[in-house]
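What follows is a short report on a single structure.
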Amino acid sequence: MFFQPLIRIINPNQPTPVLLRGNPSDNSEQCFITMVDITQHKKTEEITKTSEEKYHALFNSNRDSITLFRIDSNGEPENFIEANPAATAIFGYTKKELLSLSIKDLEIVAEKKRKARIEVLQSNGKIDFETIIEDKKGNRKNVEIKAVVINYMGKAAIMNITRDITERKQMENNVAKANENLATILEAIPDLLFEVGLDSKIYHYQAHQSDLLALPLADFTGKLLYEVMPENVVSIYMKAIQEANDKGWSTGHQYAIDLPKGKFWFELSVSPIKGDLNKNRHFIILAKDITERKKSEQALQKSQEKLRGVFDLADSGILLTDLKGKFLLFNNWCTEILGYTRQEMNKLNQEDITHPDDLPNCRHFLMNLPKVK
């Protein structure tokens with residue numbers, strides 16, 4: 001009788017696994033036995049078994065979805081042949097259900113694009129891409145897939161490692177939308193806008209009117225204030241920045257600067273960027289063009305000065321009083337004729353300079369004056 005049992009034999013060092021092969025003699029009274037040392041074979045089996053155990057442990061414990069499938073002769077994905085627990089979680093199907101489906105049943109993508117991916121995968125051996133899948137409940141999810149060609153059970157197969165990035169994509173979309181809204185708001189601001197650090201470095205600059213710039217727009221970002229502005233203007237900027245750093249805001253600081261189109265006036269509003277607690281804190285600065293306002297103020301001042309000149313040169317008394325007769329404004333004629341200083345006149349009223357006998361007429365005049373039209 002012919003048989004091949006596996007046994008271990010004892011040698012001086014350690015037991016050695018051998019494969020026995022026996023053949024009986026013709027008279028069946030003797031037996032020819034051969035022993036084949038299969039130590040290396042057994043080690044290989046143990047290494048393979050350990051590797052398979054590690055593979056299954058990694059496969060089943062991986063937090064990303066892992067699925068295996070093959071590509072048929074027509075370049076089409078076949079049904080899944082393996083799926084880990086994370087795959088059942090992301091797709092919402094049981095493992096048994098998943099193994100009856102293919103990636104085509106789950107992915108929302110045009111057929112042309114799918115075929116192009118498979119061609120790249122077969123050519124390069126791997127491909128990374130983002131796509132959209134639909135789970136068992138019909139929920140669509142953004143996923144990131146790393147597809148790799150592997151050898152599985154002696155044949156080529158595709159291993160898809162799928163990660164749910166729905167929350168990340170939503171966050172990216174929210175950030176993009178917030179940036180678009182911010183850009184829209186910034187575009188609507190007519191003022192000069194700076195982002196400046198405590199070190200006076202300009203990190204961002206925006207201007208809708210190039211004629212309000214002392215230098216080309218590209219020359220501002222990355223420069224220090226004193227490199228692009230006069231020293232007296234930089235001093236005002238840094239004073240406003242320091243005030244905003246101490247108080248949380250600063251408004252009202254004004255400066256004048258000579259530009260190619262003439263002298264311009266600006267008023268600063270400064271606010272620190274919230275949440276920026278670094279040593280070199282950053283600030284948003286709005287420089288509002290108040291040139292027209294300044295011109296109007298100066299024109300009004302000149303007009304008032306001219307009016308005051310005429311007012312003081314008049315050869316008759318001119319007074320401005322409230323309804324009780326208190327002097328609010330008076331010209332030089334009044335002080336010269338009445339003999340009072342301006343300080344004294346500021347404390348008097350109409351009755352104080354009226355003769356006692358004429359007080360009734362004075363009071364009647366003041367009482368009826370508001371009724372005159």
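By order in the structure tokens, chains are A, B, ...; within a chain, residues start at 1; ligands start at 1, following the order shown.
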
Problem set entry | Long-range neighbours of segment 63-66 of chain A as a ChimeraX atom specification, 10 Å cut-off, only C-alpha atoms, 2 positions minimum in chain | /A:58-61,68,82-91,145-147,159-164

Writing out the chosen residues with N, CA and C atoms as a PDB file, in the first residue's frame:
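Result file selection_14.pdb:
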```
ATOM      1  N   LEU A  58      -5.714  43.478   8.774  1.00  0.00           N
ATOM      2  CA  LEU A  58      -5.667  44.843   8.227  1.00  0.00           C
ATOM      3  C   LEU A  58      -6.879  45.132   7.362  1.00  0.00           C
ATOM      4  N   PHE A  59      -7.251  44.148   6.559  1.00  0.00           N
ATOM      5  CA  PHE A  59      -8.382  44.295   5.637  1.00  0.00           C
ATOM      6  C   PHE A  59      -9.668  44.573   6.413  1.00  0.00           C
ATOM      7  N   ASN A  60      -9.897  43.801   7.462  1.00  0.00           N
ATOM      8  CA  ASN A  60     -11.168  43.916   8.192  1.00  0.00           C
ATOM      9  C   ASN A  60     -11.191  45.084   9.177  1.00  0.00           C
ATOM     10  N   SER A  61     -10.007  45.513   9.660  1.00  0.00           N
ATOM     11  CA  SER A  61      -9.980  46.594  10.659  1.00  0.00           C
ATOM     12  C   SER A  61      -9.788  47.965  10.038  1.00  0.00           C
ATOM     13  N   LEU A  68     -12.727  44.467  -3.558  1.00  0.00           N
ATOM     14  CA  LEU A  68     -11.951  43.835  -4.620  1.00  0.00           C
ATOM     15  C   LEU A  68     -12.883  43.393  -5.730  1.00  0.00           C
ATOM     16  N   GLU A  82     -14.756  40.675  -2.852  1.00  0.00           N
ATOM     17  CA  GLU A  82     -14.429  40.809  -1.430  1.00  0.00           C
ATOM     18  C   GLU A  82     -14.752  42.223  -0.981  1.00  0.00           C
ATOM     19  N   ALA A  83     -15.144  42.361   0.272  1.00  0.00           N
ATOM     20  CA  ALA A  83     -15.466  43.680   0.839  1.00  0.00           C
ATOM     21  C   ALA A  83     -15.255  43.629   2.332  1.00  0.00           C
ATOM     22  N   ASN A  84     -14.660  44.681   2.908  1.00  0.00           N
ATOM     23  CA  ASN A  84     -14.432  44.707   4.351  1.00  0.00           C
ATOM     24  C   ASN A  84     -15.622  45.360   5.068  1.00  0.00           C
ATOM     25  N   PRO A  85     -15.663  45.297   6.400  1.00  0.00           N
ATOM     26  CA  PRO A  85     -16.795  45.875   7.143  1.00  0.00           C
ATOM     27  C   PRO A  85     -17.014  47.359   6.863  1.00  0.00           C
ATOM     28  N   ALA A  86     -15.932  48.111   6.639  1.00  0.00           N
ATOM     29  CA  ALA A  86     -16.093  49.545   6.368  1.00  0.00           C
ATOM     30  C   ALA A  86     -16.849  49.780   5.059  1.00  0.00           C
ATOM     31  N   ALA A  87     -16.711  48.832   4.110  1.00  0.00           N
ATOM     32  CA  ALA A  87     -17.426  48.957   2.837  1.00  0.00           C
ATOM     33  C   ALA A  87     -18.928  48.810   3.053  1.00  0.00           C
ATOM     34  N   THR A  88     -19.306  47.897   3.918  1.00  0.00           N
ATOM     35  CA  THR A  88     -20.744  47.723   4.187  1.00  0.00           C
ATOM     36  C   THR A  88     -21.311  48.963   4.875  1.00  0.00           C
ATOM     37  N   ALA A  89     -20.465  49.631   5.656  1.00  0.00           N
ATOM     38  CA  ALA A  89     -20.927  50.831   6.366  1.00  0.00           C
ATOM     39  C   ALA A  89     -21.127  52.004   5.406  1.00  0.00           C
ATOM     40  N   ILE A  90     -20.161  52.214   4.502  1.00  0.00           N
ATOM     41  CA  ILE A  90     -20.261  53.380   3.622  1.00  0.00           C
ATOM     42  C   ILE A  90     -21.325  53.204   2.546  1.00  0.00           C
ATOM     43  N   PHE A  91     -21.496  51.934   2.067  1.00  0.00           N
ATOM     44  CA  PHE A  91     -22.474  51.707   1.004  1.00  0.00           C
ATOM     45  C   PHE A  91     -23.855  51.326   1.544  1.00  0.00           C
ATOM     46  N   ILE A 145     -11.305  57.817  -4.051  1.00  0.00           N
ATOM     47  CA  ILE A 145     -10.971  56.421  -4.317  1.00  0.00           C
ATOM     48  C   ILE A 145      -9.528  56.298  -4.792  1.00  0.00           C
ATOM     49  N   LYS A 146      -8.811  55.356  -4.182  1.00  0.00           N
ATOM     50  CA  LYS A 146      -7.486  54.969  -4.640  1.00  0.00           C
ATOM     51  C   LYS A 146      -7.614  53.549  -5.178  1.00  0.00           C
ATOM     52  N   ALA A 147      -7.483  53.394  -6.480  1.00  0.00           N
ATOM     53  CA  ALA A 147      -7.628  52.087  -7.112  1.00  0.00           C
ATOM     54  C   ALA A 147      -6.246  51.559  -7.515  1.00  0.00           C
ATOM     55  N   MET A 159      -8.182  46.634  -6.406  1.00  0.00           N
ATOM     56  CA  MET A 159      -8.511  46.953  -5.016  1.00  0.00           C
ATOM     57  C   MET A 159      -8.867  48.438  -4.945  1.00  0.00           C
ATOM     58  N   ASN A 160     -10.109  48.692  -4.579  1.00  0.00           N
ATOM     59  CA  ASN A 160     -10.586  50.069  -4.388  1.00  0.00           C
ATOM     60  C   ASN A 160     -10.556  50.419  -2.911  1.00  0.00           C
ATOM     61  N   ILE A 161      -9.796  51.454  -2.548  1.00  0.00           N
ATOM     62  CA  ILE A 161      -9.818  51.984  -1.176  1.00  0.00           C
ATOM     63  C   ILE A 161     -10.620  53.269  -1.232  1.00  0.00           C
ATOM     64  N   THR A 162     -11.779  53.253  -0.578  1.00  0.00           N
ATOM     65  CA  THR A 162     -12.744  54.352  -0.692  1.00  0.00           C
ATOM     66  C   THR A 162     -12.892  55.069   0.645  1.00  0.00           C
ATOM     67  N   ARG A 163     -12.772  56.382   0.608  1.00  0.00           N
ATOM     68  CA  ARG A 163     -12.903  57.192   1.827  1.00  0.00           C
ATOM     69  C   ARG A 163     -14.019  58.216   1.639  1.00  0.00           C
ATOM     70  N   ASP A 164     -14.904  58.300   2.637  1.00  0.00           N
ATOM     71  CA  ASP A 164     -16.012  59.265   2.593  1.00  0.00           C
ATOM     72  C   ASP A 164     -15.470  60.665   2.888  1.00  0.00           C
TER      73      ASP A 164
END
```

Problem set entry | For Ser200 of chain A: contacts at 7 Å, only C-alpha atoms, fewer than 3 positions along chain excluded, given as a PyMOL selection string | chain A and resi 196-197+224-225

For this session: Extract, using only C-alpha atoms, all DNA, RNA and protein residues at most 9 Å from Val270 of chain A, discarding same-chain residues fewer than 5 positions from it, and format them as a PyMOL selection string.
Result: chain A and resi 240-241+243-244+248-251+283-287

Exercise. Could you name the residues that touch segment 346-356 of chain A at 10 Å or less, counting only C-alpha atoms, but leaving out those on the same chain fewer than 6 positions away, as a VMD selection string?
Worked result: chain A and resid 319 321 to 322 324 to 330 338 340 362 to 363 366

Emit the selected residues as a PDB file, in the first residue's frame, including C-alpha atoms.
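Result went into part-v4.pdb, see below:
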```pdb
ATOM      1  CA  LEU A 319     -26.176 140.508  17.438  1.00  0.00           C
ATOM      2  CA  THR A 321     -29.400 135.991  20.660  1.00  0.00           C
ATOM      3  CA  ASP A 322     -31.411 133.090  21.955  1.00  0.00           C
ATOM      4  CA  LYS A 324     -34.281 134.881  26.207  1.00  0.00           C
ATOM      5  CA  GLY A 325     -32.068 137.581  24.769  1.00  0.00           C
ATOM      6  CA  LYS A 326     -28.690 136.030  25.727  1.00  0.00           C
ATOM      7  CA  PHE A 327     -25.943 137.072  23.330  1.00  0.00           C
ATOM      8  CA  LEU A 328     -24.612 134.241  21.200  1.00  0.00           C
ATOM      9  CA  LEU A 329     -22.750 136.301  18.610  1.00  0.00           C
ATOM     10  CA  PHE A 330     -21.939 139.972  18.207  1.00  0.00           C
ATOM     11  CA  LEU A 338     -21.046 149.502  24.643  1.00  0.00           C
ATOM     12  CA  TYR A 340     -17.527 145.808  27.137  1.00  0.00           C
ATOM     13  CA  CYS A 362     -37.379 145.446  25.288  1.00  0.00           C
ATOM     14  CA  ARG A 363     -39.237 142.548  26.849  1.00  0.00           C
ATOM     15  CA  LEU A 366     -38.093 139.844  22.598  1.00  0.00           C
TER      16      LEU A 366
END
```

Problem set entry | Distance in Å - atom CA of Thr291 of chain A versus atom CA of Phe266 of chain A | 6.9 Å

Exercise. Which neighbours of Pro77 of chain A fall inside 8 Å, counting only C-alpha atoms, when residues of the same chain fewer than 3 positions from it are skipped, and could you give them as a ChimeraX atom specification?
Worked result: /A:69-72,102-104

For this session: Could you jot down the atom CA of Lys288 of chain A to atom CA of Ile273 of chain A separation for me, Å, one decimal place?
Result: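 Going from atom CA of Lys288 of chain A over to atom CA of Ile273 of chain A, I get 18.9 Å.
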
For this session: Within segment 262-343 of chain A, find each residue whose DSSP state, derived from the backbone, is helix (DSSP H, G or I), and express the selection as a PyMOL selection string.
Result: chain A and resi 291-313+332-338+342-343

Exercise. Could you pull the residues within 8 Å of Ser100 of chain A, counting only C-alpha atoms, minus those fewer than 4 positions along the same chain, as a PyMOL selection string?
Worked result: chain A and resi 79-80+96

Go through segment 293-367 of chain A and collect every residue that DSSP, computed from the backbone, puts in strand (DSSP E or B); the answer should be as a JSON list (two decimals) with all heavy atoms, in the first residue's frame.
```json
[["chain", "number", "residue", "atom", "x", "y", "z"],
["A", 319, "LEU", "N", -26.21, 141.48, 16.35],
["A", 319, "LEU", "CA", -26.18, 140.51, 17.44],
["A", 319, "LEU", "C", -27.02, 139.28, 17.09],
["A", 319, "LEU", "O", -28.02, 139.38, 16.36],
["A", 319, "LEU", "CB", -26.71, 141.10, 18.74],
["A", 319, "LEU", "CG", -26.07, 142.38, 19.27],
["A", 319, "LEU", "CD1", -26.94, 143.56, 18.89],
["A", 319, "LEU", "CD2", -25.90, 142.28, 20.78],
["A", 320, "LEU", "N", -26.59, 138.13, 17.64],
["A", 320, "LEU", "CA", -27.37, 136.90, 17.55],
["A", 320, "LEU", "C", -27.68, 136.49, 18.97],
["A", 320, "LEU", "O", -26.78, 136.36, 19.80],
["A", 320, "LEU", "CB", -26.58, 135.80, 16.83],
["A", 320, "LEU", "CG", -27.25, 134.42, 16.77],
["A", 320, "LEU", "CD1", -28.50, 134.48, 15.88],
["A", 320, "LEU", "CD2", -26.27, 133.37, 16.23],
["A", 321, "THR", "N", -29.00, 136.33, 19.30],
["A", 321, "THR", "CA", -29.40, 135.99, 20.66],
["A", 321, "THR", "C", -30.27, 134.75, 20.65],
["A", 321, "THR", "O", -30.80, 134.35, 19.61],
["A", 321, "THR", "CB", -30.19, 137.14, 21.31],
["A", 321, "THR", "OG1", -31.49, 137.23, 20.69],
["A", 321, "THR", "CG2", -29.46, 138.46, 21.15],
["A", 326, "LYS", "N", -30.12, 136.21, 25.43],
["A", 326, "LYS", "CA", -28.69, 136.03, 25.73],
["A", 326, "LYS", "C", -27.90, 136.13, 24.43],
["A", 326, "LYS", "O", -28.25, 135.57, 23.41],
["A", 326, "LYS", "CB", -28.45, 134.68, 26.39],
["A", 326, "LYS", "CG", -26.98, 134.41, 26.70],
["A", 326, "LYS", "CD", -26.80, 133.12, 27.44],
["A", 326, "LYS", "CE", -25.33, 132.80, 27.64],
["A", 326, "LYS", "NZ", -24.57, 133.88, 28.26],
["A", 327, "PHE", "N", -26.77, 136.86, 24.51],
["A", 327, "PHE", "CA", -25.94, 137.07, 23.33],
["A", 327, "PHE", "C", -25.18, 135.79, 22.96],
["A", 327, "PHE", "O", -24.46, 135.22, 23.78],
["A", 327, "PHE", "CB", -24.94, 138.21, 23.56],
["A", 327, "PHE", "CG", -25.58, 139.52, 23.84],
["A", 327, "PHE", "CD1", -25.06, 140.38, 24.81],
["A", 327, "PHE", "CD2", -26.73, 139.93, 23.15],
["A", 327, "PHE", "CE1", -25.65, 141.60, 25.08],
["A", 327, "PHE", "CE2", -27.31, 141.16, 23.40],
["A", 327, "PHE", "CZ", -26.79, 142.00, 24.38],
["A", 328, "LEU", "N", -25.35, 135.39, 21.72],
["A", 328, "LEU", "CA", -24.61, 134.24, 21.20],
["A", 328, "LEU", "C", -23.49, 134.68, 20.27],
["A", 328, "LEU", "O", -22.44, 134.04, 20.20],
["A", 328, "LEU", "CB", -25.57, 133.30, 20.45],
["A", 328, "LEU", "CG", -26.76, 132.76, 21.26],
["A", 328, "LEU", "CD1", -27.67, 131.92, 20.37],
["A", 328, "LEU", "CD2", -26.30, 131.96, 22.46],
["A", 329, "LEU", "N", -23.73, 135.79, 19.55],
["A", 329, "LEU", "CA", -22.75, 136.30, 18.61],
["A", 329, "LEU", "C", -22.94, 137.80, 18.47],
["A", 329, "LEU", "O", -24.07, 138.30, 18.50],
["A", 329, "LEU", "CB", -22.93, 135.61, 17.24],
["A", 329, "LEU", "CG", -21.90, 135.91, 16.16],
["A", 329, "LEU", "CD1", -20.53, 135.40, 16.57],
["A", 329, "LEU", "CD2", -22.32, 135.28, 14.83],
["A", 330, "PHE", "N", -21.84, 138.52, 18.34],
["A", 330, "PHE", "CA", -21.94, 139.97, 18.21],
["A", 330, "PHE", "C", -20.70, 140.47, 17.48],
["A", 330, "PHE", "O", -19.64, 139.83, 17.50],
["A", 330, "PHE", "CB", -22.06, 140.63, 19.59],
["A", 330, "PHE", "CG", -21.14, 140.06, 20.61],
["A", 330, "PHE", "CD1", -19.83, 140.50, 20.73],
["A", 330, "PHE", "CD2", -21.58, 139.03, 21.46],
["A", 330, "PHE", "CE1", -18.98, 139.95, 21.66],
["A", 330, "PHE", "CE2", -20.72, 138.48, 22.39],
["A", 330, "PHE", "CZ", -19.42, 138.94, 22.51],
["A", 349, "ASN", "N", -27.07, 139.79, 28.42],
["A", 349, "ASN", "CA", -28.18, 139.59, 27.50],
["A", 349, "ASN", "C", -28.75, 140.96, 27.13],
["A", 349, "ASN", "O", -28.26, 142.00, 27.58],
["A", 349, "ASN", "CB", -29.25, 138.67, 28.11],
["A", 349, "ASN", "CG", -29.82, 139.23, 29.41],
["A", 349, "ASN", "OD1", -30.01, 140.45, 29.56],
["A", 349, "ASN", "ND2", -30.10, 138.37, 30.37]]
```

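The space between atom CA of Ile81 of chain A and atom CA of Leu99 of chain A spans 5.9 Å.
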
Exercise. Can you tell me, as a list in words, what residues are no more than 8 Å from Ala256 of chain A when counting only C-alpha atoms, ignoring any on the same chain fewer than 3 positions away?
Worked result: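 The contact residues come out as Val233, Lys263, Phe264, Trp265 and Phe266 of chain A.
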
For this session: Point out the residue among A:Ile132, A:Asn27, A:Ile290, A:Met229 with the least atom-to-atom distance to His253 of chain A, counting only C-alpha atoms.
Result: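 Nearest to His253 of chain A: A:Ile290.
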
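Each of A:Lys239, A:Lys261, A:Lys201, A:Lys169 was compared to Lys141 of chain A using only C-alpha atoms, and A:Lys169 turns out to be the nearest.
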